[in-house]
Every structure is written in structure tokens, then in C-alpha cells.
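Participant: I'm passing along input_14.txt; it holds compact mmCIF, C-alpha atoms.
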```
# COMPACT_ATOMS: atom_id res chain seq x y z
CA MET A 1 -20.29 40.03 -95.86
CA MET A 2 -21.24 41.88 -98.97
CA VAL A 3 -18.85 44.59 -100.03
CA PRO A 4 -20.08 47.01 -102.66
CA GLN A 5 -17.81 46.78 -105.61
CA ARG A 6 -17.04 49.68 -107.81
CA THR A 7 -16.11 48.86 -111.28
CA GLN A 8 -13.87 51.27 -113.12
CA GLN A 9 -15.53 52.61 -116.23
CA TYR A 10 -13.76 53.80 -119.34
CA ASP A 11 -14.84 56.24 -121.99
CA ALA A 12 -14.74 55.67 -125.72
CA PHE A 13 -11.05 56.56 -125.84
CA GLY A 14 -10.08 54.11 -123.14
CA ARG A 15 -9.62 56.77 -120.49
CA PRO A 16 -10.95 55.98 -117.04
CA ILE A 17 -14.03 57.92 -116.05
CA SER A 18 -13.45 59.60 -112.73
CA SER A 19 -15.64 59.03 -109.71
CA TYR A 20 -16.89 62.61 -110.07
CA GLY A 21 -19.04 61.51 -112.93
CA ASP A 22 -18.94 62.66 -116.45
CA ARG A 23 -18.48 66.30 -115.59
CA MET A 24 -14.70 66.31 -115.54
CA SER A 25 -14.29 63.87 -118.37
CA MET A 26 -16.56 66.00 -120.57
CA GLY A 27 -14.57 69.10 -119.84
CA ILE A 28 -17.31 70.84 -117.91
CA PRO A 29 -15.57 72.96 -115.29
CA TYR A 30 -16.65 73.03 -111.71
CA ASN A 31 -17.66 76.24 -110.14
CA TYR A 32 -15.04 76.92 -107.49
CA GLY A 33 -16.81 80.01 -106.17
CA PRO A 34 -18.80 80.09 -102.97
CA PRO A 35 -21.72 77.69 -103.11
CA ASN A 36 -24.36 80.35 -102.57
CA ALA A 37 -23.10 82.44 -105.45
CA MET A 38 -24.62 80.07 -107.96
CA ARG A 39 -27.85 79.62 -106.10
CA ASN A 40 -28.49 83.35 -105.90
CA ASN A 41 -28.07 83.92 -109.60
CA PRO A 42 -31.32 84.26 -111.51
CA PRO A 43 -31.99 81.42 -113.91
CA ALA A 44 -30.60 82.24 -117.30
CA VAL A 45 -32.99 82.31 -120.22
CA PRO A 46 -32.01 79.54 -122.59
CA PRO A 47 -30.67 80.89 -125.86
CA GLY A 48 -33.26 81.10 -128.57
CA GLN A 49 -36.14 81.50 -126.14
CA GLN A 50 -37.63 84.89 -125.53
CA PRO A 51 -38.96 85.68 -122.09
CA ALA A 52 -42.74 85.62 -121.92
CA PRO A 53 -44.02 89.04 -122.99
CA GLY A 54 -46.75 90.92 -121.21
CA ILE A 55 -50.02 92.08 -122.72
CA PRO A 56 -49.29 93.39 -126.21
CA GLY A 57 -50.18 96.94 -127.09
CA ARG A 58 -48.87 100.48 -127.18
CA PRO A 59 -49.99 104.05 -126.56
CA VAL A 60 -51.91 105.55 -129.48
CA SER A 61 -53.32 108.94 -130.35
CA CYS A 62 -56.54 107.62 -131.91
CA GLU A 63 -58.23 104.32 -132.70
CA GLN A 64 -57.58 104.60 -136.44
CA GLU A 65 -53.88 104.40 -135.72
CA ILE A 66 -54.22 100.77 -134.60
CA LYS A 67 -53.49 98.26 -137.34
CA PRO A 68 -55.22 94.86 -137.27
CA SER A 69 -51.81 93.22 -137.58
CA GLU A 70 -50.91 94.63 -134.16
CA VAL A 71 -53.47 92.34 -132.55
CA PRO A 72 -52.14 88.78 -132.31
CA MET A 73 -54.40 86.02 -133.53
CA ASP A 74 -53.76 83.78 -130.55
CA GLY A 75 -57.00 84.30 -128.69
CA GLY A 76 -55.50 87.04 -126.55
CA ILE A 77 -56.11 90.76 -126.42
CA SER A 78 -54.09 93.89 -127.08
CA VAL A 79 -54.40 97.07 -125.08
CA PHE A 80 -54.02 100.51 -126.64
CA PRO A 81 -54.35 103.41 -124.22
CA THR A 82 -54.55 106.90 -125.67
CA GLN A 83 -51.66 109.16 -124.86
CA ASP A 84 -53.83 111.37 -122.66
CA LEU A 85 -55.22 108.23 -120.92
CA GLN A 86 -58.77 109.38 -121.60
CA ARG A 87 -59.60 106.14 -123.43
CA ILE A 88 -58.29 102.59 -123.54
CA TYR A 89 -58.98 100.44 -126.59
CA VAL A 90 -58.90 96.70 -125.98
CA LYS A 91 -58.89 94.69 -129.18
CA GLY A 92 -59.14 90.99 -129.80
CA TRP A 93 -60.07 88.61 -132.59
CA ASP A 94 -63.08 86.38 -132.19
CA TYR A 95 -63.40 82.90 -133.66
CA ASN A 96 -65.27 84.22 -136.70
CA GLY A 97 -62.48 86.48 -137.90
CA ASN A 98 -63.93 89.69 -136.51
CA LEU A 99 -61.75 92.20 -134.74
CA ASN A 100 -63.71 93.29 -131.70
CA THR A 101 -63.01 96.47 -129.79
CA LEU A 102 -63.84 97.39 -126.23
CA VAL A 103 -63.48 101.04 -125.32
CA PHE A 104 -62.91 102.08 -121.74
CA VAL A 105 -63.53 105.78 -121.16
CA GLN A 106 -62.25 107.62 -118.15
CA GLU A 107 -65.06 108.50 -115.80
CA MET A 108 -65.11 112.22 -115.28
CA PRO A 109 -65.35 113.23 -111.61
CA VAL A 110 -68.82 114.49 -110.72
CA ALA A 111 -68.84 117.97 -109.18
CA GLN A 112 -69.69 117.87 -105.48
CA SER A 113 -73.18 119.29 -104.94
CA SER A 114 -73.16 121.95 -102.29
CA PRO A 115 -76.10 123.99 -101.03
CA GLU A 116 -74.59 127.16 -102.45
CA ASN A 117 -74.46 126.05 -106.07
CA THR A 118 -77.52 123.81 -106.28
CA GLY A 119 -80.08 126.43 -105.24
CA VAL A 120 -82.14 123.75 -103.49
CA VAL A 121 -81.96 125.26 -100.03
CA PRO A 122 -83.01 128.82 -101.00
CA ILE A 123 -86.11 127.46 -102.73
CA GLN A 124 -86.99 125.42 -99.66
CA THR A 125 -86.36 128.42 -97.44
CA ASP A 126 -88.66 130.51 -99.57
CA GLU A 127 -91.33 127.85 -99.33
CA ILE A 128 -91.02 127.71 -95.58
CA ILE A 129 -91.16 131.49 -95.25
CA LYS A 130 -94.26 131.62 -97.42
CA ARG A 131 -95.94 128.97 -95.30
CA LEU A 132 -95.03 130.83 -92.13
CA ASP A 133 -96.47 133.99 -93.62
CA ARG A 134 -99.70 132.19 -94.40
CA ILE A 135 -99.91 130.80 -90.87
CA GLU A 136 -99.21 134.22 -89.52
CA GLN A 137 -102.01 135.71 -91.59
CA MET A 138 -104.39 133.01 -90.37
CA LEU A 139 -103.51 133.71 -86.74
CA GLY A 140 -103.80 137.43 -87.11
CA PRO A 141 -101.28 140.18 -86.50
CA MET A 142 -98.55 139.23 -84.04
CA THR A 143 -98.28 141.49 -81.00
CA PRO A 144 -95.72 141.40 -78.21
CA GLU A 145 -98.44 140.14 -75.80
CA THR A 146 -99.52 137.25 -77.96
CA GLU A 147 -95.92 136.38 -78.56
CA ALA A 148 -95.31 136.36 -74.77
CA LYS A 149 -98.41 134.21 -74.14
CA GLY A 150 -97.45 131.86 -76.85
CA GLY A 151 -94.02 131.61 -75.33
CA GLU A 152 -95.43 130.86 -71.86
CA SER A 153 -97.88 128.25 -73.03
CA LYS A 154 -95.07 126.12 -74.38
CA MET B 1 -52.36 64.46 -150.14
CA ASN B 2 -55.68 65.63 -148.78
CA VAL B 3 -56.47 68.63 -146.62
CA ASN B 4 -56.28 66.68 -143.36
CA GLN B 5 -52.77 65.48 -144.21
CA VAL B 6 -51.75 69.05 -145.00
CA LEU B 7 -53.14 70.19 -141.66
CA ASP B 8 -51.38 67.37 -139.82
CA THR B 9 -48.08 68.36 -141.40
CA LEU B 10 -48.74 71.99 -140.56
CA LEU B 11 -49.41 71.13 -136.91
CA GLN B 12 -46.33 68.91 -136.72
CA ARG B 13 -44.14 71.71 -138.02
CA ASN B 14 -45.83 74.33 -135.84
CA PRO B 15 -46.63 72.63 -132.53
CA GLU B 16 -47.36 76.00 -130.92
CA MET B 17 -50.57 76.08 -132.98
CA GLN B 18 -51.97 73.41 -130.65
CA ASN B 19 -52.04 76.02 -127.91
CA ASN B 20 -53.66 78.67 -130.09
CA PRO B 21 -57.44 78.52 -129.63
CA MET B 22 -58.11 80.59 -132.76
CA ALA B 23 -55.92 78.40 -134.92
CA LYS B 24 -57.55 75.28 -133.48
CA GLN B 25 -61.00 76.68 -134.20
CA MET B 26 -60.11 77.46 -137.80
CA ILE B 27 -58.46 74.08 -138.30
CA ASP B 28 -61.61 72.45 -136.97
CA VAL B 29 -63.67 74.39 -139.52
CA ILE B 30 -61.35 73.24 -142.32
CA ARG B 31 -61.48 69.63 -141.12
CA SER B 32 -65.26 69.72 -140.88
CA GLY B 33 -65.53 70.74 -144.53
CA ASP B 34 -67.98 73.53 -143.68
CA SER B 35 -67.15 75.73 -146.65
CA ALA B 36 -69.84 78.30 -145.84
CA LYS B 37 -68.41 78.83 -142.38
CA GLY B 38 -64.90 79.00 -143.81
CA GLN B 39 -65.97 81.59 -146.36
CA GLN B 40 -67.68 83.62 -143.66
CA ILE B 41 -64.52 83.63 -141.53
CA ALA B 42 -62.40 84.53 -144.57
CA ASN B 43 -64.72 87.41 -145.47
CA ASN B 44 -64.67 88.68 -141.90
CA LEU B 45 -60.89 88.52 -141.81
CA CYS B 46 -60.67 90.45 -145.09
CA LYS B 47 -63.11 93.06 -143.80
CA SER B 48 -61.27 93.42 -140.48
CA ASN B 49 -57.93 93.80 -142.25
CA GLY B 50 -59.32 96.21 -144.84
CA VAL B 51 -58.45 93.94 -147.74
CA SER B 52 -60.72 92.84 -150.56
CA PRO B 53 -61.18 89.07 -150.96
CA GLN B 54 -59.57 89.28 -154.41
CA ASP B 55 -56.45 90.98 -153.00
CA ALA B 56 -56.33 88.47 -150.16
CA ILE B 57 -56.40 85.58 -152.65
CA LYS B 58 -53.56 87.19 -154.62
CA GLN B 59 -51.51 87.67 -151.47
CA ALA B 60 -52.15 84.07 -150.41
CA GLN B 61 -51.11 82.78 -153.83
CA GLN B 62 -47.90 84.79 -153.65
CA PHE B 63 -47.23 83.61 -150.09
CA PHE B 64 -47.61 79.96 -151.01
CA GLY B 65 -45.74 80.41 -154.29
CA LEU B 66 -48.72 79.43 -156.39
CA LYS B 67 -48.34 82.33 -158.79
```
Just give me the structure as C-alpha cells.
Facilitator:
Amino acid sequence: MMVPQRTQQYDAFGRPISSYGDRMSMGIPYNYGPPNAMRNNPPAVPPGQQPAPGIPGRPVSCEQEIKPSEVPMDGGISVFPTQDLQRIYVKGWDYNGNLNTLVFVQEMPVAQSSPENTGVVPIQTDEIIKRLDRIEQMLGPMTPETEAKGGESK
Amino acid sequence: MNVNQVLDTLLQRNPEMQNNPMAKQMIDVIRSGDSAKGQQIANNLCKSNGVSPQDAIKQAQQFFGLK
């Protein structure tokens, strides 16, 4: 019968290495808190590493305020909205060393066209009334009798 | 030491440049020896940054400690 054998290991100073691995022998303390406490902690950012930034840029008052050095030469873009949010300048370098700019302008809302302010309906009404007048003239003067006959014939 | 060796050293010391498409493009232009293309890019960069080519050369010389 084969019995697994554990051989005692010793560190460089002749001290036995515990069965808990190198953690204790290296002086790394265990976390004696509840097990979930560690798992719920967000991962720490290693020292010396900055968290990944978002899209570079800043609010500006005009396009001339933007310096070329504010646009990184990493193939990405920078976004510069105006303070009143009427325009957004998007700048990026191309492979030929040109600083290209895209300008996004806020679309102004179009005024809703209503019959009152367009004047389309009154013109059409006038046209219709004129046509009716012409038809009326062609038919002759309207009398109550003809109106009654016309009403019955329908 | 030729230009390619200088570029290799530069990339070794700045490995993040491998992930920079603009830097890679410009390094490719330098490696190809296309001086006209290189001059065009340099002129465009000067124009975009509002610097004359002469001033840019002076700044580059100062940066690299050549003057």
C-alpha cells in the first residue's frame, strides 16, 4: 500500500516551512475577518498604475481655446463641448500629422407648423370660395326654390 | 548605430508605443526611408502645432541635448 509521504522542507535559515505554505514563513498575515469581507472589496489598483481614463477633453468657450497638445497622439480623439452645449468639437490626429476637427452643432427645434401661422388654409379657403362663386355665377342666381329642388334631387 | 537600431532601442524602452497606431505609422515611415513622406508629416505637425519648422528643429535639438 502506497502511503503519500510528506517531506519536511526548510527555508534558507534552516527553519521548517509550515504546511500552510510560504505565507506564514514569509510574514504575510492571514486575514482573520469574515471570508466574504475580502471578496466584496473592490480590486485595488496596483501602485504606480493609473486607472484607465475616459475620453480626454474638457468644456471650452471657443475652438481657439483648444491647444493641439491637449489632443493625445495615440490615435484616439478628444472631445471639447462648448460651455453652452451648442457645439461639440471632436479633435484627433491623422497619420499624416494633421489635426482634424469634427464639429457637432445642436439641431435647433423646428417650429411646429399650425394652420394659424402658416396661412396655407386661408389661401385655400379663398380659392374654394372663388370657385364656388364662379360655379354660382354659371348656374345663375340662387333662389329658395332652386335650393329646395337641388336639395330634393340629392 | 543606424536608425533602425535607434528605433529598436526606443521601442524596447517604451513598449507602450507598440500599441500606439500613430507612433507605429511614423516609425514605419522612418524605417522605410521615405524622406519626402517624413518631411510632409513633419511639416503638417508643425503647421498643426503653430510652430515654424525652424523653431521645431531648435526645440528638438534642445530636447535631445544636441545644442
Participant: Output as CSV one row per residue of chain A within 9 Å of chain B: the closest atom pair and its distance in Å to one decimal place, counting only C-alpha atoms, sorted by chain and residue number ascending.
Facilitator:
```
residue,atom,partner,partner_atom,distance
A:Lys67,CA,B:Asn49,CA,8.0
A:Pro68,CA,B:Asn49,CA,5.8
A:Ser69,CA,B:Asn49,CA,7.7
A:Met73,CA,B:Met22,CA,6.6
A:Asp74,CA,B:Asn20,CA,5.1
A:Gly75,CA,B:Met22,CA,5.6
A:Trp93,CA,B:Met22,CA,8.3
A:Asp94,CA,B:Met22,CA,7.7
A:Tyr95,CA,B:Met22,CA,5.8
A:Asn96,CA,B:Ile41,CA,4.9
A:Gly97,CA,B:Leu45,CA,4.7
A:Asn98,CA,B:Asn44,CA,5.5
A:Leu99,CA,B:Ser48,CA,5.9
```
Participant: Those same residues - C-alpha atoms - I'd like them written as a PDB file, keeping the file's coordinate frame.
Facilitator:
```
ATOM      1  CA  LYS A  67     -53.490  98.260-137.340  1.00  0.00           C
ATOM      2  CA  PRO A  68     -55.220  94.860-137.270  1.00  0.00           C
ATOM      3  CA  SER A  69     -51.810  93.220-137.580  1.00  0.00           C
ATOM      4  CA  MET A  73     -54.400  86.020-133.530  1.00  0.00           C
ATOM      5  CA  ASP A  74     -53.760  83.780-130.550  1.00  0.00           C
ATOM      6  CA  GLY A  75     -57.000  84.300-128.690  1.00  0.00           C
ATOM      7  CA  TRP A  93     -60.070  88.610-132.590  1.00  0.00           C
ATOM      8  CA  ASP A  94     -63.080  86.380-132.190  1.00  0.00           C
ATOM      9  CA  TYR A  95     -63.400  82.900-133.660  1.00  0.00           C
ATOM     10  CA  ASN A  96     -65.270  84.220-136.700  1.00  0.00           C
ATOM     11  CA  GLY A  97     -62.480  86.480-137.900  1.00  0.00           C
ATOM     12  CA  ASN A  98     -63.930  89.690-136.510  1.00  0.00           C
ATOM     13  CA  LEU A  99     -61.750  92.200-134.740  1.00  0.00           C
TER      14      LEU A  99
END
```
Participant: At what distance in Å, to one decimal, does atom CA of A:Phe80 lie from atom CA of A:Arg58?
Facilitator: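 Here the two named atoms are 5.2 Å from each other.
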Participant: Which residues come within 12 Å of B:Asn4, counting all atoms listed in the file, excluding same-chain residues fewer than 2 positions away, as a list in words?
Facilitator: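 Everything that qualifies: Met1, Asn2, Val6, Leu7, Asp8, Thr9, Leu10, Leu11, Ile27, Asp28, Val29, Ile30, Arg31, Ser32 and Gly33 of chain B.
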Participant: Can you work out which one of A:Gly140, A:Gly54, A:Pro109, A:Pro59 has the shortest atom-to-atom distance to A:Ile77, counting all atoms listed in the file?
Facilitator: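 The closest residue to A:Ile77 is A:Gly54.
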Participant: Quick one: distance from atom CA of A:Gly76 to atom CA of A:Asn100 in Å, one decimal?
Facilitator: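 That distance, rounded to one decimal, is 11.5 Å.
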Participant: Supply stretch 8-32 of chain B as an mmCIF file, keeping the file's coordinate frame, with N, CA and C atoms built in where the input has gaps.
Facilitator:
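Listing of selection_23.cif after writing:
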```cif
data_model
loop_
_atom_site.group_PDB
_atom_site.id
_atom_site.type_symbol
_atom_site.label_atom_id
_atom_site.label_comp_id
_atom_site.auth_asym_id
_atom_site.auth_seq_id
_atom_site.Cartn_x
_atom_site.Cartn_y
_atom_site.Cartn_z
ATOM 1 N N ASP B 8 -52.219 68.138 -140.750
ATOM 2 C CA ASP B 8 -51.380 67.370 -139.820
ATOM 3 C C ASP B 8 -49.915 67.786 -139.939
ATOM 4 N N THR B 9 -49.461 67.937 -141.180
ATOM 5 C CA THR B 9 -48.080 68.360 -141.400
ATOM 6 C C THR B 9 -47.848 69.755 -140.828
ATOM 7 N N LEU B 10 -48.845 70.614 -141.059
ATOM 8 C CA LEU B 10 -48.740 71.990 -140.560
ATOM 9 C C LEU B 10 -48.627 72.003 -139.032
ATOM 10 N N LEU B 11 -49.436 71.175 -138.369
ATOM 11 C CA LEU B 11 -49.410 71.130 -136.910
ATOM 12 C C LEU B 11 -48.116 70.503 -136.389
ATOM 13 N N GLN B 12 -47.597 69.526 -137.140
ATOM 14 C CA GLN B 12 -46.330 68.910 -136.720
ATOM 15 C C GLN B 12 -45.186 69.922 -136.792
ATOM 16 N N ARG B 13 -45.226 70.734 -137.842
ATOM 17 C CA ARG B 13 -44.140 71.710 -138.020
ATOM 18 C C ARG B 13 -44.320 72.927 -137.120
ATOM 19 N N ASN B 14 -45.552 73.179 -136.705
ATOM 20 C CA ASN B 14 -45.830 74.330 -135.840
ATOM 21 C C ASN B 14 -46.600 73.864 -134.604
ATOM 22 N N PRO B 15 -45.911 73.188 -133.687
ATOM 23 C CA PRO B 15 -46.630 72.630 -132.530
ATOM 24 C C PRO B 15 -47.276 73.694 -131.651
ATOM 25 N N GLU B 16 -46.777 74.940 -131.747
ATOM 26 C CA GLU B 16 -47.360 76.000 -130.920
ATOM 27 C C GLU B 16 -48.815 76.280 -131.324
ATOM 28 N N MET B 17 -49.187 75.856 -132.533
ATOM 29 C CA MET B 17 -50.570 76.080 -132.980
ATOM 30 C C MET B 17 -51.568 75.283 -132.140
ATOM 31 N N GLN B 18 -51.074 74.215 -131.506
ATOM 32 C CA GLN B 18 -51.970 73.410 -130.650
ATOM 33 C C GLN B 18 -52.464 74.226 -129.472
ATOM 34 N N ASN B 19 -51.668 75.198 -129.067
ATOM 35 C CA ASN B 19 -52.040 76.020 -127.910
ATOM 36 C C ASN B 19 -52.734 77.313 -128.319
ATOM 37 N N ASN B 20 -52.996 77.461 -129.602
ATOM 38 C CA ASN B 20 -53.660 78.670 -130.090
ATOM 39 C C ASN B 20 -55.135 78.361 -130.346
ATOM 40 N N PRO B 21 -56.009 78.874 -129.483
ATOM 41 C CA PRO B 21 -57.440 78.520 -129.630
ATOM 42 C C PRO B 21 -58.030 78.970 -130.957
ATOM 43 N N MET B 22 -57.569 80.110 -131.474
ATOM 44 C CA MET B 22 -58.110 80.590 -132.760
ATOM 45 C C MET B 22 -57.687 79.679 -133.888
ATOM 46 N N ALA B 23 -56.409 79.289 -133.869
ATOM 47 C CA ALA B 23 -55.920 78.400 -134.920
ATOM 48 C C ALA B 23 -56.654 77.061 -134.854
ATOM 49 N N LYS B 24 -56.850 76.561 -133.627
ATOM 50 C CA LYS B 24 -57.550 75.280 -133.480
ATOM 51 C C LYS B 24 -58.967 75.363 -134.022
ATOM 52 N N GLN B 25 -59.627 76.491 -133.729
ATOM 53 C CA GLN B 25 -61.000 76.680 -134.200
ATOM 54 C C GLN B 25 -61.047 76.673 -135.728
ATOM 55 N N MET B 26 -60.111 77.370 -136.340
ATOM 56 C CA MET B 26 -60.110 77.460 -137.800
ATOM 57 C C MET B 26 -59.730 76.120 -138.431
ATOM 58 N N ILE B 27 -58.825 75.410 -137.784
ATOM 59 C CA ILE B 27 -58.460 74.080 -138.300
ATOM 60 C C ILE B 27 -59.669 73.142 -138.201
ATOM 61 N N ASP B 28 -60.408 73.276 -137.112
ATOM 62 C CA ASP B 28 -61.610 72.450 -136.970
ATOM 63 C C ASP B 28 -62.620 72.747 -138.075
ATOM 64 N N VAL B 29 -62.736 74.017 -138.438
ATOM 65 C CA VAL B 29 -63.670 74.390 -139.520
ATOM 66 C C VAL B 29 -63.200 73.773 -140.833
ATOM 67 N N ILE B 30 -61.879 73.819 -141.068
ATOM 68 C CA ILE B 30 -61.350 73.240 -142.320
ATOM 69 C C ILE B 30 -61.579 71.740 -142.324
ATOM 70 N N ARG B 31 -61.308 71.101 -141.191
ATOM 71 C CA ARG B 31 -61.480 69.630 -141.120
ATOM 72 C C ARG B 31 -62.929 69.230 -141.317
ATOM 73 N N SER B 32 -63.838 70.068 -140.791
ATOM 74 C CA SER B 32 -65.260 69.720 -140.880
ATOM 75 C C SER B 32 -65.780 69.840 -142.309
#
```
